[in-house]
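Peer 1: This is the structure I have questions about; it appears just below.
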There are 2 protein chains.
Amino acid sequence: MAVFSKVVGVAAAALVSAVSAQSFQRLGTCPTLGCVFPPDQADFLAGQYFDIRLEVHAPQNGSEAIGLPADEAFTFTIAKGDGEAKPVTDFFGVEDAKLENWTFTYFEDYFARDAKTPSLVDVRSKAYRRLALYEPGEYTATLNYNNGSSTKATWLVRDLAEERKAKNIILFIGDGMTTNMITAARLIGHKTINGKYQTRMQMDKFPVLGHQMTHSIDSFITDSANSASALYTGHKSSVNALGVYADSSKDPFDDPKVETIAEIFHRLTGGHVGIVSTAFLADATPAGLTAHTRARSEYGAVVDSFLNGITNYTWTEWDGPDVLFGGGAEQFYSPELGGVTYQNKTYYDEFAKKGYQVLQNRTALLAAPSNEKALGVFTYSNMAKWLDRNVYRENLNQSLSPTGDKTAALDQPGLKDMTLKAIDILSERSGDKGFFLMSEAASIDKMMHVLDYDRALGELLELDDTIKATVNKLNETGCLEETLILVTADHGHGFDVMGSVDTKYLAAQDDQRKKRNAIGTYQNSGLSQYQSTGNLTYVDSNFPRNWDPRYTLFSGLTANPDHRENYTVHKDGPREPAVELEEDSDDYYVNPEDAENGIEINGNLPVSNDQGVHSLTDVPVFAMGPCQDKFSGVYNSIDIFFSMAECFGLARGRATNGTGYSTGN
Amino acid sequence: MAVFSKVVGVAAAALVSAVSAQSFQRLGTCPTLGCVFPPDQADFLAGQYFDIRLEVHAPQNGSEAIGLPADEAFTFTIAKGDGEAKPVTDFFGVEDAKLENWTFTYFEDYFARDAKTPSLVDVRSKAYRRLALYEPGEYTATLNYNNGSSTKATWLVRDLAEERKAKNIILFIGDGMTTNMITAARLIGHKTINGKYQTRMQMDKFPVLGHQMTHSIDSFITDSANSASALYTGHKSSVNALGVYADSSKDPFDDPKVETIAEIFHRLTGGHVGIVSTAFLADATPAGLTAHTRARSEYGAVVDSFLNGITNYTWTEWDGPDVLFGGGAEQFYSPELGGVTYQNKTYYDEFAKKGYQVLQNRTALLAAPSNEKALGVFTYSNMAKWLDRNVYRENLNQSLSPTGDKTAALDQPGLKDMTLKAIDILSERSGDKGFFLMSEAASIDKMMHVLDYDRALGELLELDDTIKATVNKLNETGCLEETLILVTADHGHGFDVMGSVDTKYLAAQDDQRKKRNAIGTYQNSGLSQYQSTGNLTYVDSNFPRNWDPRYTLFSGLTANPDHRENYTVHKDGPREPAVELEEDSDDYYVNPEDAENGIEINGNLPVSNDQGVHSLTDVPVFAMGPCQDKFSGVYNSIDIFFSMAECFGLARGRATNGTGYSTGN
C-alpha cells in the first residue's frame with residue numbers, strides 16, 4: 001500500500017532513558033546526569049539578568065545507579081556562535097563559584113512510591129549570579145563531567161529592536177480563563193435576538209487575537225507560578241517555581257533566577273509598576289513579578305520581595321511598585337493579631353515606612369490621592385467574589401477584615417475599582433516614563449477549581465467590565481493610543497457548556513437516572529434564560545439579569561473529584577464539592593451538603609483531590625494598541641514576554657550601566 | 001454601598017412569554033404568534049437569493065391557547081429604510097402566494113412530555129420564492145395578523161465592496177475541532193525539548209487567528225447542519241436545517257431557502273466548486289453547500305442536490321461541482337445491491353451521465369486525469385480513520401466496499417490525497433474563473449462523539465498534514481498568493497487534557513479508587529511519551545511515534561454517557577462506550593467490552609445518549625492569503641460567509657442578469 005509505505009519502521013529509536021520523565025522526574029530539564037540552568041533551548045532578552053546553576057548527579061540506587069559520589073571536577077564553558085568555548089569565569093569575567101553539595105531523593109514511578117523505595121541522588125553544584133548576555137545570536141553552554149560526559153545547552157539571545165513603541169502596557173490576566181469560559185460568560189451576560197448578540201464583550205472588540213501555549217518546561221500541565229514566570233521572564237520553568245529555574249537543592253531561595261519584565265522595565269527606564277489582583281497578594285500571579293523562589297508557598301518572602309526586591313543575592317535594583325492592590329492581609333498584619341509574615345514584621349508598617357499610603361477598604365481606595373504610592377489590602381485572603389459582593393452579600397459576613405480585628409470585610413472593592421485607581425496613580429506618578437500594570441482576575445481559576453461555574457463566570461464578566469472601563473478611561477484621558485492592552489490567561493480548566501438544565505424537572509425526579517433527563521442538548525438547549533428572565537440590571541455593565549433561572553447551563557469540567565450537580569447557583573457562597581469522610585484520610589467523596597437533590601457523579605481524579613485541576617488547552621490573547629500585531633496567531637507563552645519587552649524597547653545590545661556585571665562578549 | 005447601588009431593580013421585566021423557548025419551542029425564532037422568515041436580525045449579501053415564509057399560529061390548547069383557527073387575513077409589508085411600507089407583492093413585483101394551512105404539535109416542557117400532553121397549533125401560511133435584496137441598508141418587514149398584532153423583522157443588507165480580491169478560496173473544516181483539541185494533537189504529534197516545540201503545526205503558522213461563535217439561531221448549542229448553513233449562507237438556522245430557515249410544516253423540502261456561497265459564486269462568476277469530506281457525502285457539512293431542507297437526514301435528496309441543485313422550486317442555476325470526494329456509497333449504488341437512494345436511482349450512473357469520472361479507491365484517485373469532473377466515493381459510509389488506515393489496518397477488514405459488493409474497502413484515500421487531487425482538478429478546469437473548495441475532516445467530530453480521543457486527534461493531525469501539503473502545493477504552483485485559505489470548525493466538544501496516566505499502574509490496581517491514583521496532574525503530567533518512545537515515523541508528516549505508550553494522556557469530555565476509561569488506544573477500531581442492556585430501551589450503560597480494567601464513570605447526559613454531545617465554545621479560525629485580516633478577532637459564524645463573499649467580490653448592488661426576479665428596490 002502506497003499510503004502505508006509512508007510509515008517507516010526505524011530500526012532502533014534513539015536511546016530512551018530508563019527513567020521516562022513522566023509521573024516523577026529526577027530533576028526537570030535534566031534527563032542526563034549533568035544539569036545546566038538555564039537549560040538547552042532557553043531564550044534571552046539581550047541584557048536580561050540571570051543566574052547559572054550547574055549540577056552533576058550521582059544516583060546511588062534505582063535504575064540509574066552509578067554508586068559513586070558525584071563528580072566535583074566538572075567544568076563549564078560558553079561559546080558565542082562558532083567562536084571559541086571559554087571557561088565561564090573567562091567568558092563573563094567573574095570569580096569561580098564555590099562548590100556545593102547535597103543529596104535528594106525521588107520516586108521513579110507510582111509503584112516505587114507505593115513500595116516506599118525512593119532513589120537517592122548525590123549532587124555537586126556551582127552557581128554564578130547576575131550575569132547577562134547582550135549580543136544577539138546563539139550561544140553554546142557545555143558542562144563536562146564524569147570524565148568524558150557532557151551536557152550541551154543552546155541558548156538564544158533574540159535579536160529585538162531597541163526602539164520603544166508603547167509608553168504603557170496593561171496586562172490583564174484572567175487566571176485559568178479559556179475561550180470556552182469566555183463563550184459561556186458571553187451567553188449569560190449578553191443578550192441575543194435570533195442568534196445575534198445585541199451587546200459585545202470588550203474582549204471580543206479587540207482587533208488582534210492570539211493563542212499561547214501554556215505548558216511547563218518539564219511537564220505539559222502548568223500551575224500559575226510557572227506560567228506567570230514564563231509570561232513575565234520569557235523563561236518557562238517548573239510547577240511551583242517563581243522567576244527561577246528549579247534546582248534540586250533544599251533551599252527554596254538559591255535557585256537560578258531570571259529577571260522579570262517589571263524588574264527590567266524599572267531598571268532600564270525608570271518606568272513605574274502596578275500590581276493588582278483579586279487573589280491574596282502573595283499568590284503566584286502577582287508574586288511572579290518580583291519573587292524568585294522555587295516554592296510559591298513562601299508567601300512571607302514574596303510580600304517582602306514586592307517591597308524590597310531580592311536581598312539574599314546581588315540582583316536588580318528594585319524599590320517597590322507604585323501600586324499593590326489585592327487580598328492577603330494575613331501576610332501583612334502583625335503576628336500579634338495572627339499575621340503570618342516574613343521575619344515577623346508587620347508589613348503594613350514596612351510599606352508605610354517607605355512612603356506608601358495603606359488602604360483597607362473600597363471607600364478609602366476611591367478617596368485615595370493619586371500622587372502617592374499605595375498599598376491596598378482589602379481582606380484576609382482571596383477577595384470576595386463578584387457574585388457575593390453584588391448579589392449574595394450575606395456571604396460577606398465572615399471574620400475576614402484586612403485589619404486582623406476579626407470583623408467582616410464588607411467594603412471590598414472589585415477588580416474594576418482597583419484597576420481604575422491603579423491607572424490614576426500610575427499615570428500621575430510615572431509622567432513621561434510610562435507604566436506597566438498587571439491586573440489579575442484570580443478567582444476565575446479559584447472558582448473553577450471548586451466547580452463553582454457561576455462564580456467563575458461572574459469573575460470573568462467582572463474582568464471584561466474592568467477592561468471596558470479601562471479602555472474608556474484611557475480613551476478619555478488621551479492615553480489609549482500609547483498604551484498596549486493585553487488580555488490573556490495563564491492556563492486553562494477543561495470547562496465547557498453542553499446545553500441547558502430544567503432545574504425544576506431535575507429536582508422533581510427522585511431517581512438518579514431520571515434526573516439526567518432534565519438536561520437539554522442541541523435544539524433542546526434553547527436560549528439563555530440568564531438574560532430573558534429576572535430583573536437585575538447594571539449601569540453600563542453586562543451581567544446576568546437572573547442568576548437563578550429555571551433553565552440553567554449544563555456545564556462541567558473534564559476532571560473532577562467525586563461530586564454532585566444540581567446545576568443551580570450556590571447562594572450560600574463558594575462551593576465545596578468534595579469532603580473527607582475521615583479527617584486527614586486524603587480520600588475525598590461527594591460533599592453531602594453540596595448540590596442537594598443533584599446528580600451524583602464519581603470523579604476521575606485521584607481520590608486525594610477535593611477539587612478540579614488545570615488543563616492543557618492553549619489560552620487566548622487579545623491585543624489592542626502599539627505592537628498589537630505581534631500578538632496575532634499561535635505562539636509559546638514566553639513569546640508574550642519578548643513581545644512586551646520589544647514593545648517597551650527593553651533589549652540592550654551592550655552593557656551600559658557600569659555596574660560591573662559581565663557582558664558575555 | 002456605592003458598588004451595590006449599581007444593581008437597579010427594574011419594576012417589571014418586559015413581558016416574558018409563558019413558553020420560555022427552552023427545552024422545547026413552538027417554533028424557533030417565533031416567540032409571538034406571527035412568524036416571519038427570514039426573521040428579525042437577518043443579514044443578507046446584496047443580491048443573494050432567498051425565500052420568504054410567513055406563518056400565523058393559533059395554539060388550540062396549552063399556556064398560549066387562543067382556541068381559534070389561525071388568522072388567514074394576515075398581510076405582509078416591506079419598507080426600505082425610512083421609506084414607505086409596501087405590500088410584499090408590490091415591493092418585489094411578484095404574484096401573491098397561495099394560502100397554505102396545517103397543524104403541528106409540540107410539548108411545552110419535560111413535564112408535558114412525560115404526561116403526554118402536547119400542545120396543538122393551527123397554522124396559516126404563505127411563501128414567496130427566490131427573491132433578492134440589492135441595495136445595502138436596513139429593511140423593515142412587517143407581518144400584520146390577528147386584527148392588530150404585528151411581528152416586525154429588521155433585515156440588513158450589508159454594504160460590501162464588490163471588487164474581487166481572491167481568485168480561490170479553500171475552506172478547511174475540522175468538524176467539531178476546538179482549540180483544546182489542537183493543543184492536544186500538537187502534544188502527541190510534535191516534539192518539545194525543554195518546553196520548546198521543535199516542529200510546528202501548519203495551522204499554528206497561519207498569520208491571522210479568529211474565534212467564531214457557533215450557536216444556532218434558536219438554541220445555543222448547534223449541530224453540524226445548522227452551523228454549516230451559517231458558514232455557507234450567512235444565515236443562522238435551527239438544528240438539522242440545511243440552507244433553509246425551519247418552518248413548522250411537515251414537508252422537509254418547502255422551508256424558506258437562502259443561497260449558499262457555492263451557489264452564488266458559481267452563478268455570478270462561473271467559478272468552479274469542489275467538495276471533499278471524510279464523512280459520507282450526504283452528511284451535513286458537505287451537504288450544506290447545495291442542499292436546502294430542514295431535515296439533514298434526507299440523504300438521498302442531498303446527493304441529488306449535489307448533481308442537480310434544487311428542482312422542486314425555481315432556484316439558482318446549478319450544474320454540479322467539479323469534484324465530489326468522500327464516503328457514503330450507500331446513497332450512490334443501486335438499490336438492488338442495497339443502496340438507499342433518491343427515487344431509487346443509481347447515482348454512480350447519474351453522475352457518469354453528466355460527464356463525471358467515477359473513482360472508488362485511492363489508486364484510481366491518484367491516477368485520475370485532472371481535466372474531467374470527478375465523483376469519488378470510497379466506502380459505504382464514513383471513511384476509515386487515519387489510525388485504522390495507517391496503524392491498525394486489520395480494522396479495515398469489513399464489508400464496506402463503495403461498489404456495494406460486500407468486499408472490504410482496503411484502498412481508501414486520506415483527506416490529503418483527496419484534497420490535493422481536488423486542487424489539481426479545480427485548478428486545471430477553472431482556469432481564470434477560480435475555485436471554491438471545501439475540505440472537511442469529519443471524523444474529528446465523529447470520534448469525539450464516541451469518546452475515541454486517539455482517533456479524533458489522529459484525524460486532526462491528518463487535517464493539519466493536509467493543510468501543510470496544500471500550502472506547499474499552492475506555493476509550488478504559484479497560486480498561494482491568490483488563494484485565501486481558511487481553517488475552522490463548526491462547533492466544539494467539551495474536550496481537554498488534564499495530565500497523564502500511568503497505564504501500567506492503573507491496570508495493576510484492582511480497586512476503582514486506587515486506579516484513579518494512576519493519574520498524574522501538574523508536575524506529574526511529565527512530558528509527552530507519544531514522541532519520546534516508539535518507532536513510527538512519517539515522511540514530512542508529524543504523527544505520534546508511539547500510539548500506545550505506557551504513559552498516556554489523561555483526557556476526557558465534559559458530557560458523557562456512562563462509560564469506562566483505561567486511557568489506552570483502542571486497537572480494535574472506534575470505541576463504543578455505552579450500550580443498551582435491553583434492546584430498544586433507550587437506556588445506555590457502560591459497554592462491558594470497552595476499556596476493560598478501566599475506571600467506571602457514570603454519565604451526566606440523559607441515559608438515552610450512547611455518546612457525547614456538542615458544546616458551546618467558540619472555535620478557532622486560521623486565515624492566510626488575500627483578505628486574511630477580515631478573519632482576525634471574535635465574530636459570529638455568519639461573518640465568515642460575508643467575509644468570504646466579500647473576498648470573492650460577490651455582492652451585487654443591483655440586479656443585472658435579467659432573469660426576472662425581483663430587485664427589492
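By order in the C-alpha cells, chains are A, B, ...; within a chain, residues start at 1; ligands start at 1, following the order shown.
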Give me the residues within 7 Å of Asn609 in chain A as a VMD selection string, counting only C-alpha atoms and dropping any in the same chain fewer than 3 places off.
Peer 2: chain A and resid 561 588 605 to 606
Peer 1: Restricting the output to N, CA, C and O atoms, write the selected residues as a compact mmCIF listing (two decimals), in the first residue's frame.
Peer 2:
# COMPACT_ATOMS: atom_id res chain seq x y z
N PRO A 561 -13.29 15.68 41.14
CA PRO A 561 -13.40 14.80 42.29
C PRO A 561 -14.82 14.21 42.28
O PRO A 561 -15.65 14.62 41.47
N TYR A 588 -11.35 11.73 49.25
CA TYR A 588 -12.47 12.66 49.15
C TYR A 588 -13.67 12.06 48.42
O TYR A 588 -13.52 11.44 47.37
N LEU A 605 -10.39 11.98 38.98
CA LEU A 605 -9.10 12.39 39.55
C LEU A 605 -8.71 11.47 40.70
O LEU A 605 -9.57 10.82 41.31
N PRO A 606 -7.41 11.44 41.02
CA PRO A 606 -7.00 10.71 42.23
C PRO A 606 -7.85 11.15 43.42
O PRO A 606 -8.21 12.33 43.53
Peer 1: Report as a ChimeraX atom specification all protein, DNA and RNA residues lying within 10 Å of Gly573 in chain A, evaluated on only C-alpha atoms, omitting residues in the same chain fewer than 4 positions from it.
Peer 2: /A:384-385,387-388,392-396,452,455,569
Peer 1: So that I have them on file, write out the residues from the current selection with N, CA, C and O atoms, as a PDB file, in the first residue's frame.
Peer 2:
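To be explicit, this is the file written out as result-v6.pdb:
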ATOM      1  N   ALA A 384     -13.427  38.725  48.104  1.00  0.00           N
ATOM      2  CA  ALA A 384     -14.789  38.227  47.882  1.00  0.00           C
ATOM      3  C   ALA A 384     -15.082  38.223  46.385  1.00  0.00           C
ATOM      4  O   ALA A 384     -14.564  39.041  45.633  1.00  0.00           O
ATOM      5  N   LYS A 385     -15.931  37.288  45.993  1.00  0.00           N
ATOM      6  CA  LYS A 385     -16.257  37.124  44.581  1.00  0.00           C
ATOM      7  C   LYS A 385     -17.322  38.148  44.158  1.00  0.00           C
ATOM      8  O   LYS A 385     -18.144  38.580  44.964  1.00  0.00           O
ATOM      9  N   LEU A 387     -20.020  37.731  42.641  1.00  0.00           N
ATOM     10  CA  LEU A 387     -21.389  37.284  42.913  1.00  0.00           C
ATOM     11  C   LEU A 387     -21.765  37.536  44.376  1.00  0.00           C
ATOM     12  O   LEU A 387     -22.907  37.891  44.676  1.00  0.00           O
ATOM     13  N   ASP A 388     -20.806  37.378  45.269  1.00  0.00           N
ATOM     14  CA  ASP A 388     -21.077  37.630  46.692  1.00  0.00           C
ATOM     15  C   ASP A 388     -21.088  39.125  47.003  1.00  0.00           C
ATOM     16  O   ASP A 388     -21.870  39.586  47.825  1.00  0.00           O
ATOM     17  N   TYR A 392     -25.264  38.034  46.419  1.00  0.00           N
ATOM     18  CA  TYR A 392     -25.478  37.274  47.665  1.00  0.00           C
ATOM     19  C   TYR A 392     -24.583  37.846  48.762  1.00  0.00           C
ATOM     20  O   TYR A 392     -23.679  37.194  49.271  1.00  0.00           O
ATOM     21  N   ARG A 393     -24.881  39.092  49.131  1.00  0.00           N
ATOM     22  CA  ARG A 393     -23.983  39.845  50.009  1.00  0.00           C
ATOM     23  C   ARG A 393     -23.907  39.307  51.432  1.00  0.00           C
ATOM     24  O   ARG A 393     -22.933  39.556  52.143  1.00  0.00           O
ATOM     25  N   GLU A 394     -24.921  38.539  51.830  1.00  0.00           N
ATOM     26  CA  GLU A 394     -24.857  37.991  53.195  1.00  0.00           C
ATOM     27  C   GLU A 394     -23.643  37.086  53.385  1.00  0.00           C
ATOM     28  O   GLU A 394     -23.193  36.860  54.504  1.00  0.00           O
ATOM     29  N   ASN A 395     -23.103  36.590  52.259  1.00  0.00           N
ATOM     30  CA  ASN A 395     -21.920  35.730  52.373  1.00  0.00           C
ATOM     31  C   ASN A 395     -20.660  36.485  52.795  1.00  0.00           C
ATOM     32  O   ASN A 395     -19.637  35.876  53.088  1.00  0.00           O
ATOM     33  N   LEU A 396     -20.737  37.818  52.808  1.00  0.00           N
ATOM     34  CA  LEU A 396     -19.573  38.595  53.241  1.00  0.00           C
ATOM     35  C   LEU A 396     -19.435  38.625  54.762  1.00  0.00           C
ATOM     36  O   LEU A 396     -18.414  39.079  55.285  1.00  0.00           O
ATOM     37  N   ASP A 452     -17.413  25.821  40.914  1.00  0.00           N
ATOM     38  CA  ASP A 452     -18.426  26.860  41.096  1.00  0.00           C
ATOM     39  C   ASP A 452     -18.449  27.712  39.827  1.00  0.00           C
ATOM     40  O   ASP A 452     -17.917  28.824  39.782  1.00  0.00           O
ATOM     41  N   ARG A 455     -19.826  31.414  39.926  1.00  0.00           N
ATOM     42  CA  ARG A 455     -18.911  32.430  40.470  1.00  0.00           C
ATOM     43  C   ARG A 455     -17.748  32.681  39.518  1.00  0.00           C
ATOM     44  O   ARG A 455     -17.305  33.813  39.340  1.00  0.00           O
ATOM     45  N   VAL A 569     -27.313  27.909  41.030  1.00  0.00           N
ATOM     46  CA  VAL A 569     -26.346  28.809  41.649  1.00  0.00           C
ATOM     47  C   VAL A 569     -26.223  28.487  43.140  1.00  0.00           C
ATOM     48  O   VAL A 569     -27.202  28.128  43.804  1.00  0.00           O
TER      49      VAL A 569
END
Peer 1: So that I can see what lies close to range 83-100 of chain A, please list as a PyMOL selection string the residues with an atom at most 10 Å from it, counting only C-alpha atoms and leaving out residues fewer than 3 positions away in the same chain.
Peer 2: chain A and resi 52+55+72-73+75-80+123-129+131-133+139-142+249+660-665
Peer 1: Go through range 460-586 of chain B and collect every residue that DSSP, computed from the backbone, puts in strand (DSSP E or B); the answer should be as an mmCIF file with N, CA, C and O atoms, in the first residue's frame.
Peer 2:
data_model
loop_
_atom_site.group_PDB
_atom_site.id
_atom_site.type_symbol
_atom_site.label_atom_id
_atom_site.label_comp_id
_atom_site.auth_asym_id
_atom_site.auth_seq_id
_atom_site.Cartn_x
_atom_site.Cartn_y
_atom_site.Cartn_z
ATOM 1 N N THR B 483 -4.853 32.761 -3.321
ATOM 2 C CA THR B 483 -5.796 31.843 -2.680
ATOM 3 C C THR B 483 -5.947 32.164 -1.200
ATOM 4 O O THR B 483 -4.962 32.206 -0.463
ATOM 5 N N LEU B 484 -7.168 32.403 -0.788
ATOM 6 C CA LEU B 484 -7.455 32.556 0.641
ATOM 7 C C LEU B 484 -7.651 31.164 1.229
ATOM 8 O O LEU B 484 -8.502 30.399 0.742
ATOM 9 N N ILE B 485 -6.865 30.839 2.244
ATOM 10 C CA ILE B 485 -7.028 29.555 2.923
ATOM 11 C C ILE B 485 -7.579 29.821 4.319
ATOM 12 O O ILE B 485 -7.006 30.602 5.086
ATOM 13 N N LEU B 486 -8.679 29.178 4.619
ATOM 14 C CA LEU B 486 -9.290 29.277 5.946
ATOM 15 C C LEU B 486 -9.336 27.891 6.578
ATOM 16 O O LEU B 486 -9.598 26.903 5.889
ATOM 17 N N VAL B 487 -9.091 27.852 7.871
ATOM 18 C CA VAL B 487 -9.233 26.605 8.627
ATOM 19 C C VAL B 487 -10.126 26.914 9.812
ATOM 20 O O VAL B 487 -9.798 27.793 10.618
ATOM 21 N N THR B 488 -11.238 26.226 9.908
ATOM 22 C CA THR B 488 -12.095 26.476 11.059
ATOM 23 C C THR B 488 -12.879 25.216 11.406
ATOM 24 O O THR B 488 -12.553 24.126 10.934
ATOM 25 N N GLY B 492 -17.932 22.760 18.855
ATOM 26 C CA GLY B 492 -16.954 22.062 19.674
ATOM 27 C C GLY B 492 -17.504 20.828 20.342
ATOM 28 O O GLY B 492 -18.667 20.441 20.147
ATOM 29 N N PHE B 495 -13.818 18.969 25.270
ATOM 30 C CA PHE B 495 -12.659 18.083 25.436
ATOM 31 C C PHE B 495 -11.483 18.843 26.022
ATOM 32 O O PHE B 495 -11.271 20.004 25.702
ATOM 33 N N ASP B 496 -10.703 18.172 26.848
ATOM 34 C CA ASP B 496 -9.411 18.729 27.258
ATOM 35 C C ASP B 496 -8.525 17.617 27.811
ATOM 36 O O ASP B 496 -8.979 16.491 28.018
ATOM 37 N N VAL B 497 -7.267 17.967 27.997
ATOM 38 C CA VAL B 497 -6.258 17.069 28.576
ATOM 39 C C VAL B 497 -5.845 17.667 29.908
ATOM 40 O O VAL B 497 -5.592 18.864 29.994
ATOM 41 N N MET B 498 -5.800 16.843 30.940
ATOM 42 C CA MET B 498 -5.519 17.368 32.277
ATOM 43 C C MET B 498 -4.279 16.756 32.924
ATOM 44 O O MET B 498 -3.952 17.069 34.055
ATOM 45 N N GLY B 499 -3.620 15.848 32.195
ATOM 46 C CA GLY B 499 -2.440 15.226 32.774
ATOM 47 C C GLY B 499 -2.115 13.953 32.029
ATOM 48 O O GLY B 499 -2.502 13.771 30.874
ATOM 49 N N SER B 500 -1.406 13.070 32.712
ATOM 50 C CA SER B 500 -1.015 11.802 32.103
ATOM 51 C C SER B 500 -1.531 10.654 32.964
ATOM 52 O O SER B 500 -1.978 10.847 34.092
ATOM 53 N N VAL B 501 -1.474 9.469 32.396
ATOM 54 C CA VAL B 501 -1.916 8.272 33.101
ATOM 55 C C VAL B 501 -0.803 7.231 33.004
ATOM 56 O O VAL B 501 -0.317 6.962 31.898
ATOM 57 N N ASP B 502 -0.420 6.660 34.115
ATOM 58 C CA ASP B 502 0.485 5.511 34.092
ATOM 59 C C ASP B 502 -0.394 4.280 33.884
ATOM 60 O O ASP B 502 -0.956 3.730 34.826
ATOM 61 N N ILE B 519 -3.278 8.575 37.847
ATOM 62 C CA ILE B 519 -3.346 9.820 37.079
ATOM 63 C C ILE B 519 -2.393 10.859 37.638
ATOM 64 O O ILE B 519 -2.353 11.088 38.850
ATOM 65 N N GLY B 520 -1.608 11.447 36.748
ATOM 66 C CA GLY B 520 -0.642 12.467 37.146
ATOM 67 C C GLY B 520 -1.050 13.833 36.631
ATOM 68 O O GLY B 520 -1.256 14.007 35.433
ATOM 69 N N LEU B 536 7.409 4.686 15.142
ATOM 70 C CA LEU B 536 6.679 5.092 13.944
ATOM 71 C C LEU B 536 7.191 6.451 13.490
ATOM 72 O O LEU B 536 7.260 7.388 14.288
ATOM 73 N N THR B 537 7.559 6.559 12.225
ATOM 74 C CA THR B 537 7.909 7.878 11.705
ATOM 75 C C THR B 537 7.290 8.034 10.327
ATOM 76 O O THR B 537 6.921 7.058 9.684
ATOM 77 N N TYR B 538 7.167 9.252 9.877
ATOM 78 C CA TYR B 538 6.438 9.553 8.651
ATOM 79 C C TYR B 538 7.229 10.572 7.868
ATOM 80 O O TYR B 538 7.769 11.518 8.434
ATOM 81 N N TYR B 551 2.770 5.742 29.398
ATOM 82 C CA TYR B 551 2.160 6.960 29.955
ATOM 83 C C TYR B 551 1.342 7.643 28.861
ATOM 84 O O TYR B 551 1.906 8.110 27.874
ATOM 85 N N THR B 552 0.042 7.666 29.022
ATOM 86 C CA THR B 552 -0.844 8.229 28.001
ATOM 87 C C THR B 552 -1.451 9.541 28.491
ATOM 88 O O THR B 552 -1.132 10.018 29.585
ATOM 89 N N LEU B 553 -2.332 10.089 27.698
ATOM 90 C CA LEU B 553 -2.980 11.345 28.093
ATOM 91 C C LEU B 553 -4.169 11.081 29.013
ATOM 92 O O LEU B 553 -4.986 10.201 28.744
ATOM 93 N N PHE B 554 -4.271 11.869 30.044
ATOM 94 C CA PHE B 554 -5.478 11.908 30.882
ATOM 95 C C PHE B 554 -6.386 12.948 30.236
ATOM 96 O O PHE B 554 -6.227 14.146 30.444
ATOM 97 N N SER B 555 -7.278 12.468 29.378
ATOM 98 C CA SER B 555 -8.144 13.386 28.657
ATOM 99 C C SER B 555 -9.591 12.962 28.838
ATOM 100 O O SER B 555 -9.868 11.864 29.307
ATOM 101 N N GLY B 556 -10.504 13.818 28.455
ATOM 102 C CA GLY B 556 -11.908 13.475 28.606
ATOM 103 C C GLY B 556 -12.811 14.577 28.113
ATOM 104 O O GLY B 556 -12.352 15.611 27.616
ATOM 105 N N LEU B 557 -14.089 14.321 28.235
ATOM 106 C CA LEU B 557 -15.128 15.252 27.809
ATOM 107 C C LEU B 557 -15.904 15.767 29.018
ATOM 108 O O LEU B 557 -15.881 15.156 30.088
ATOM 109 N N HIS B 563 -19.651 5.346 31.097
ATOM 110 C CA HIS B 563 -18.532 4.803 30.324
ATOM 111 C C HIS B 563 -17.406 4.395 31.261
ATOM 112 O O HIS B 563 -17.485 4.598 32.477
ATOM 113 N N ARG B 564 -16.385 3.844 30.664
ATOM 114 C CA ARG B 564 -15.224 3.402 31.437
ATOM 115 C C ARG B 564 -13.983 3.897 30.717
ATOM 116 O O ARG B 564 -13.967 3.991 29.497
ATOM 117 N N GLU B 565 -12.963 4.264 31.456
ATOM 118 C CA GLU B 565 -11.734 4.787 30.853
ATOM 119 C C GLU B 565 -10.527 4.014 31.357
ATOM 120 O O GLU B 565 -10.299 3.942 32.561
ATOM 121 N N ALA B 578 -20.908 3.051 25.343
ATOM 122 C CA ALA B 578 -22.105 2.682 26.123
ATOM 123 C C ALA B 578 -23.026 1.822 25.273
ATOM 124 O O ALA B 578 -23.103 1.988 24.054
ATOM 125 N N VAL B 579 -23.708 0.914 25.911
ATOM 126 C CA VAL B 579 -24.640 0.021 25.202
ATOM 127 C C VAL B 579 -25.935 -0.103 25.994
ATOM 128 O O VAL B 579 -25.977 0.118 27.206
ATOM 129 N N GLU B 580 -26.991 -0.483 25.294
ATOM 130 C CA GLU B 580 -28.256 -0.799 25.967
ATOM 131 C C GLU B 580 -28.158 -2.189 26.570
ATOM 132 O O GLU B 580 -27.681 -3.121 25.917
#
Peer 1: With DSSP run on the backbone, what are the helix (DSSP H, G or I) residues within range 361-440 of chain A? I'd like them as an MDAnalysis selection string.
Peer 2: chainID A and resid 362:367 386:390 393:396 415:433
Peer 1: Pick out the residues sitting within 9 Å of Ala507 in chain A, and hand them over as a PyMOL selection string; count only C-alpha atoms, and ignore anything fewer than 6 positions along from it in its own chain.
Peer 2: chain A and resi 515+518+566+597-598
Peer 1: Name the residues in contact with Gly633 in chain B at a cut-off of 12 Å, using only C-alpha atoms, excluding same-chain residues fewer than 2 positions from it; report them as a ChimeraX atom specification.
Peer 2: /A:201-211,620-624,628-629,631-633 /B:208-213,618-623,628-631,635-636,639-640
Peer 1: Can you tell me which residues surround Glu481 in chain A at a distance of at most 10 Å, considering only C-alpha atoms, apart from same-chain residues fewer than 4 positions away, and format the answer as an MDAnalysis selection string?
Peer 2: chainID A and resid 166:168 474:475 485 624:626
Peer 1: Between B:Ala655, B:Leu268, B:Val634, B:Leu457, which has the minimum distance to chain A (counting only C-alpha atoms)?
Peer 2: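 Of the candidates, the smallest distance to chain A is held by B:Val634.
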Peer 1: My list of candidates is A:Ala284, A:Ala442, A:Ala184, A:Val121. Which is closest to chain B when distances are computed with only C-alpha atoms?
Peer 2: A:Ala184
Peer 1: Can you tell me which residues surround Arg186 in chain B at a distance of at most 12 Å, considering only C-alpha atoms, apart from same-chain residues fewer than 2 positions away, and format the answer as a PyMOL selection string?
Peer 2: (chain A and resi 213+215+220+616-618+634) or (chain B and resi 179-184+188-192+196-204+457-458+460-462+464-465+497+528+530-531+542-544)
Peer 1: Closest to chain A among B:Val276, B:Leu400, B:Ile217, B:Val340, using only C-alpha atoms?
Peer 2: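 Among the listed residues, the smallest separation from chain A belongs to B:Ile217.
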